[in-house]
Amino acid sequence: MVFAMHAGFAFLEVGTVRHKNQVNALVKIITDFAVSCIAYFFVGYWIAYDVKFFSSAQELTDNNGYDLVKFFFLMIFAAAIPAIISGGIAERAKFYTFLIGSAMIVAVVYPFFEGIVWNGNYGFQAWLQQTTGASFHDFAGSVVVHVMGGWLALVGVYFLGLRKGREKDNKLIAFAPSNIPFLALGTWILCIGWFGFNVMSAQSMDGISGLVAMNSLMAMVGGILAALWFGKNDPGFIHNGPLAGLVAVCAGSDVMHPIGSLFVGLIAGWIFVKLFTVMQQTKTIDDVLGVWPLHGVCGAWGGIALAYLVLNH
């Protein structure tokens, strides 16, 4: 299910970029996935979890190959980072330059942060627990995955500048999505895959909880309704609304109440619509898919909302 989300990333980008760049977007997403897999297999997973795959095949299948299953699952998370960035810098980045950047992020940058939060590396979580009485909680990656992808994308978007043709007579022109059905298909694939993304973040059969699925559902619905209302029936906003809600609920989907998750999704949908609308009117930021508001800001909102809702429970 989580692997299928990369098809969602692909069709979401294909449906948003102009027709002349659709093939490039499709090729970029699938080749970037391959590069990310290799980078995480040989370097990234080792940095994050101190696990290497240079032993015999027999040793790798110990415990029914659980280490390999865990790698596959977490590798999909890692590969999502450049897939997120791809949507922000679409139509401007050089193909092989982007692949090199993706390899560096998945091999070093992301695993370093991932290991600190999810594996307790470098003693940060232990220090936080001792100092504040609580560790940093991010169940399925609102901050670890989405905030990182969204804010890295913002840097790239800023330095790449406007796409050619967006400014005419000193006025900004918004490029309409090239294919709404493809955009919608991408959203549906992502939404379905997200239940694997969130629910299976428990990483054990005993840890699976229906609460995570219900919270994901309610946040998704909240995002749709907010985007419908504040986006004034715009199909681009409506199909990004559920993604905004799902991004935000990742952090606390294992501990929040479904009503709280609905609230988190509603606010996330509103955040995306308002921020993306503002971004379309600025000459310094040309974020094609709105990945900074969708992943960077909504992910941060999810982490903040988790702290507020849990502390006031």
# chains A, B, ... in the order shown; residues from 1 in each chain; ligands from 1
>>> closest_atom_pairs(of="range 161-189 of chain A", to="range 93-99 of chain A", cutoff="12 Å", atoms="only C-alpha atoms", output="Markdown table")
| residue | atom | partner | partner_atom | distance |
| --- | --- | --- | --- | --- |
| A:Gly161 | CA | A:Ala93 | CA | 10.8 |
| A:Leu162 | CA | A:Ala93 | CA | 11.8 |
| A:Arg163 | CA | A:Ala93 | CA | 10.5 |
>>> residues_around(residues="range 143-155 of chain A", least_positions_apart="3", cutoff="9 Å", atoms="only C-alpha atoms", output="mmCIF file with N, CA and C atoms, in the first residue's frame")
data_model
loop_
_atom_site.group_PDB
_atom_site.id
_atom_site.type_symbol
_atom_site.label_atom_id
_atom_site.label_comp_id
_atom_site.auth_asym_id
_atom_site.auth_seq_id
_atom_site.Cartn_x
_atom_site.Cartn_y
_atom_site.Cartn_z
ATOM 1 N N PHE A 77 9.248 5.175 2.968
ATOM 2 C CA PHE A 77 9.159 6.470 3.644
ATOM 3 C C PHE A 77 10.282 7.388 3.154
ATOM 4 N N ALA A 78 11.506 6.852 3.139
ATOM 5 C CA ALA A 78 12.660 7.658 2.736
ATOM 6 C C ALA A 78 12.513 8.157 1.302
ATOM 7 N N ALA A 80 9.928 8.871 -0.185
ATOM 8 C CA ALA A 80 8.877 9.888 -0.284
ATOM 9 C C ALA A 80 9.450 11.298 -0.195
ATOM 10 N N ILE A 81 10.599 11.462 0.466
ATOM 11 C CA ILE A 81 11.186 12.791 0.621
ATOM 12 C C ILE A 81 11.489 13.423 -0.736
ATOM 13 N N PRO A 82 12.295 12.801 -1.602
ATOM 14 C CA PRO A 82 12.525 13.409 -2.921
ATOM 15 C C PRO A 82 11.275 13.463 -3.791
ATOM 16 N N ALA A 83 10.341 12.521 -3.589
ATOM 17 C CA ALA A 83 9.089 12.574 -4.354
ATOM 18 C C ALA A 83 8.292 13.822 -3.986
ATOM 19 N N ILE A 84 8.322 14.186 -2.711
ATOM 20 C CA ILE A 84 7.676 15.422 -2.264
ATOM 21 C C ILE A 84 8.376 16.625 -2.873
ATOM 22 N N ILE A 85 9.703 16.652 -2.784
ATOM 23 C CA ILE A 85 10.481 17.772 -3.321
ATOM 24 C C ILE A 85 10.242 17.923 -4.819
ATOM 25 N N SER A 86 10.130 16.808 -5.511
ATOM 26 C CA SER A 86 9.911 16.816 -6.954
ATOM 27 C C SER A 86 8.691 17.649 -7.342
ATOM 28 N N GLY A 87 7.626 17.540 -6.564
ATOM 29 C CA GLY A 87 6.414 18.285 -6.884
ATOM 30 C C GLY A 87 6.583 19.785 -6.746
ATOM 31 N N GLY A 88 7.440 20.204 -5.827
ATOM 32 C CA GLY A 88 7.643 21.637 -5.636
ATOM 33 C C GLY A 88 8.483 22.262 -6.728
ATOM 34 N N ILE A 89 9.546 21.566 -7.144
ATOM 35 C CA ILE A 89 10.479 22.125 -8.120
ATOM 36 C C ILE A 89 10.192 21.634 -9.533
ATOM 37 N N TYR A 110 18.195 12.678 5.464
ATOM 38 C CA TYR A 110 16.992 12.124 6.086
ATOM 39 C C TYR A 110 17.310 11.046 7.131
ATOM 40 N N PHE A 113 18.291 12.448 10.638
ATOM 41 C CA PHE A 113 17.166 12.943 11.432
ATOM 42 C C PHE A 113 16.239 11.806 11.843
ATOM 43 N N GLU A 114 15.986 10.878 10.928
ATOM 44 C CA GLU A 114 15.130 9.725 11.208
ATOM 45 C C GLU A 114 15.672 8.921 12.380
ATOM 46 N N VAL A 117 15.062 10.579 15.839
ATOM 47 C CA VAL A 117 13.679 10.555 16.332
ATOM 48 C C VAL A 117 13.166 9.139 16.550
ATOM 49 N N TRP A 118 13.381 8.258 15.580
ATOM 50 C CA TRP A 118 12.754 6.935 15.633
ATOM 51 C C TRP A 118 13.668 5.829 16.156
ATOM 52 N N ASP A 138 6.278 11.261 17.109
ATOM 53 C CA ASP A 138 5.847 11.426 15.719
ATOM 54 C C ASP A 138 5.585 10.040 15.168
ATOM 55 N N ALA A 140 3.845 8.565 12.698
ATOM 56 C CA ALA A 140 3.950 8.169 11.289
ATOM 57 C C ALA A 140 4.586 9.232 10.402
ATOM 58 N N TYR A 158 12.751 28.269 -3.954
ATOM 59 C CA TYR A 158 13.212 29.653 -3.824
ATOM 60 C C TYR A 158 14.375 29.939 -4.776
ATOM 61 N N PHE A 159 15.342 29.047 -4.830
ATOM 62 C CA PHE A 159 16.524 29.292 -5.663
ATOM 63 C C PHE A 159 16.246 29.097 -7.152
ATOM 64 N N LEU A 160 15.294 28.258 -7.503
ATOM 65 C CA LEU A 160 14.983 28.040 -8.913
ATOM 66 C C LEU A 160 14.143 29.168 -9.500
ATOM 67 N N VAL A 247 -1.490 14.368 6.073
ATOM 68 C CA VAL A 247 -0.150 14.797 6.485
ATOM 69 C C VAL A 247 -0.167 15.210 7.951
ATOM 70 N N ALA A 248 -1.158 16.019 8.316
ATOM 71 C CA ALA A 248 -1.210 16.568 9.670
ATOM 72 C C ALA A 248 -1.476 15.515 10.735
ATOM 73 N N CYS A 250 -0.589 12.350 10.791
ATOM 74 C CA CYS A 250 0.421 11.296 10.928
ATOM 75 C C CYS A 250 1.043 11.270 12.325
ATOM 76 N N ALA A 251 1.396 12.431 12.839
ATOM 77 C CA ALA A 251 2.147 12.496 14.102
ATOM 78 C C ALA A 251 1.397 11.870 15.260
ATOM 79 N N ILE A 285 8.297 32.710 -4.854
ATOM 80 C CA ILE A 285 8.026 31.290 -4.606
ATOM 81 C C ILE A 285 7.097 30.758 -5.692
ATOM 82 N N ASP A 287 5.920 27.278 -6.180
ATOM 83 C CA ASP A 287 5.793 25.905 -5.703
ATOM 84 C C ASP A 287 4.682 25.230 -6.503
ATOM 85 N N GLY A 290 2.435 22.967 -4.515
ATOM 86 C CA GLY A 290 2.143 23.464 -3.168
ATOM 87 C C GLY A 290 2.655 22.541 -2.086
ATOM 88 N N VAL A 291 3.837 21.966 -2.285
ATOM 89 C CA VAL A 291 4.331 20.981 -1.320
ATOM 90 C C VAL A 291 4.786 21.622 -0.004
ATOM 91 N N TRP A 292 5.211 22.890 -0.062
ATOM 92 C CA TRP A 292 5.601 23.529 1.203
ATOM 93 C C TRP A 292 4.389 23.712 2.119
ATOM 94 N N PRO A 293 3.273 24.305 1.652
ATOM 95 C CA PRO A 293 2.118 24.380 2.556
ATOM 96 C C PRO A 293 1.536 23.017 2.884
ATOM 97 N N LEU A 294 1.509 22.110 1.906
ATOM 98 C CA LEU A 294 0.874 20.809 2.113
ATOM 99 C C LEU A 294 1.670 19.933 3.068
ATOM 100 N N HIS A 295 2.956 19.798 2.834
ATOM 101 C CA HIS A 295 3.784 18.915 3.650
ATOM 102 C C HIS A 295 4.528 19.670 4.744
ATOM 103 N N GLY A 296 5.168 20.757 4.383
ATOM 104 C CA GLY A 296 5.983 21.485 5.346
ATOM 105 C C GLY A 296 5.195 22.131 6.460
ATOM 106 N N VAL A 297 4.138 22.865 6.097
ATOM 107 C CA VAL A 297 3.364 23.606 7.102
ATOM 108 C C VAL A 297 2.306 22.723 7.753
ATOM 109 N N CYS A 298 1.578 21.943 6.951
ATOM 110 C CA CYS A 298 0.559 21.058 7.541
ATOM 111 C C CYS A 298 1.204 19.984 8.416
ATOM 112 N N GLY A 299 2.400 19.538 8.044
ATOM 113 C CA GLY A 299 3.118 18.580 8.887
ATOM 114 C C GLY A 299 3.491 19.194 10.228
ATOM 115 N N ALA A 300 3.957 20.447 10.192
ATOM 116 C CA ALA A 300 4.293 21.151 11.435
ATOM 117 C C ALA A 300 3.042 21.369 12.277
ATOM 118 N N GLY A 302 0.485 19.440 12.372
ATOM 119 C CA GLY A 302 0.154 18.158 12.980
ATOM 120 C C GLY A 302 0.943 17.895 14.245
ATOM 121 N N GLY A 303 2.239 18.235 14.224
ATOM 122 C CA GLY A 303 3.060 18.062 15.423
ATOM 123 C C GLY A 303 2.620 18.963 16.557
#
>>> closest_residue(among="A:Pro242, A:Thr277, A:Val288, A:Pro177", to="Thr16 in chain A", atoms="only C-alpha atoms")
A:Pro177
>>> atom_distance(atom1="CA of Ala176 in chain A", atom2="CA of Gly236 in chain A")
9.0 Å
>>> select_by_dssp(residues="range 26-269 of chain A", states="helix (DSSP H, G or I)", output="PyMOL selection string")
chain A and resi 26-49+57-60+62-88+95-118+121-132+142-160+180-202+210-230+235-249+258-269
>>> closest_residue(among="A:Ala79, A:Ala213, A:Leu185, A:Ile47", to="Ser201 in chain A", atoms="only C-alpha atoms")
A:Ala213
>>> residues_around(residues="range 253-259 of chain A", least_positions_apart="6", cutoff="10 Å", atoms="only C-alpha atoms", output="ChimeraX atom specification")
/A:138-140,142,198-199,201-202,207-219,222,246,265,302,305-307,309-310,313
>>> atom_distance(atom1="CA of Phe197 in chain A", atom2="CA of Ala244 in chain A")
14.6 Å
>>> select_by_dssp(residues="range 74-270 of chain A", states="strand (DSSP E)", output="PDB file with C-alpha atoms, in the first residue's frame")
ATOM      1  CA  GLU A 167       5.150  36.574 -15.481  1.00  0.00           C
ATOM      2  CA  LYS A 168       3.750  38.688 -18.301  1.00  0.00           C
ATOM      3  CA  LYS A 171       1.723  40.340 -13.700  1.00  0.00           C
ATOM      4  CA  LEU A 172       1.737  36.760 -12.472  1.00  0.00           C
TER       5      LEU A 172
END
>>> residues_around(residues="Ile76 in chain A", least_positions_apart="2", cutoff="10 Å", atoms="only C-alpha atoms", output="list of chain:residue names")
A:Val2, A:Phe3, A:Ala4, A:Met5, A:His6, A:Phe33, A:Ser36, A:Cys37, A:Tyr40, A:Phe71, A:Phe72, A:Phe73, A:Leu74, A:Ala78, A:Ala79, A:Ala80, A:Ile81, A:Phe197
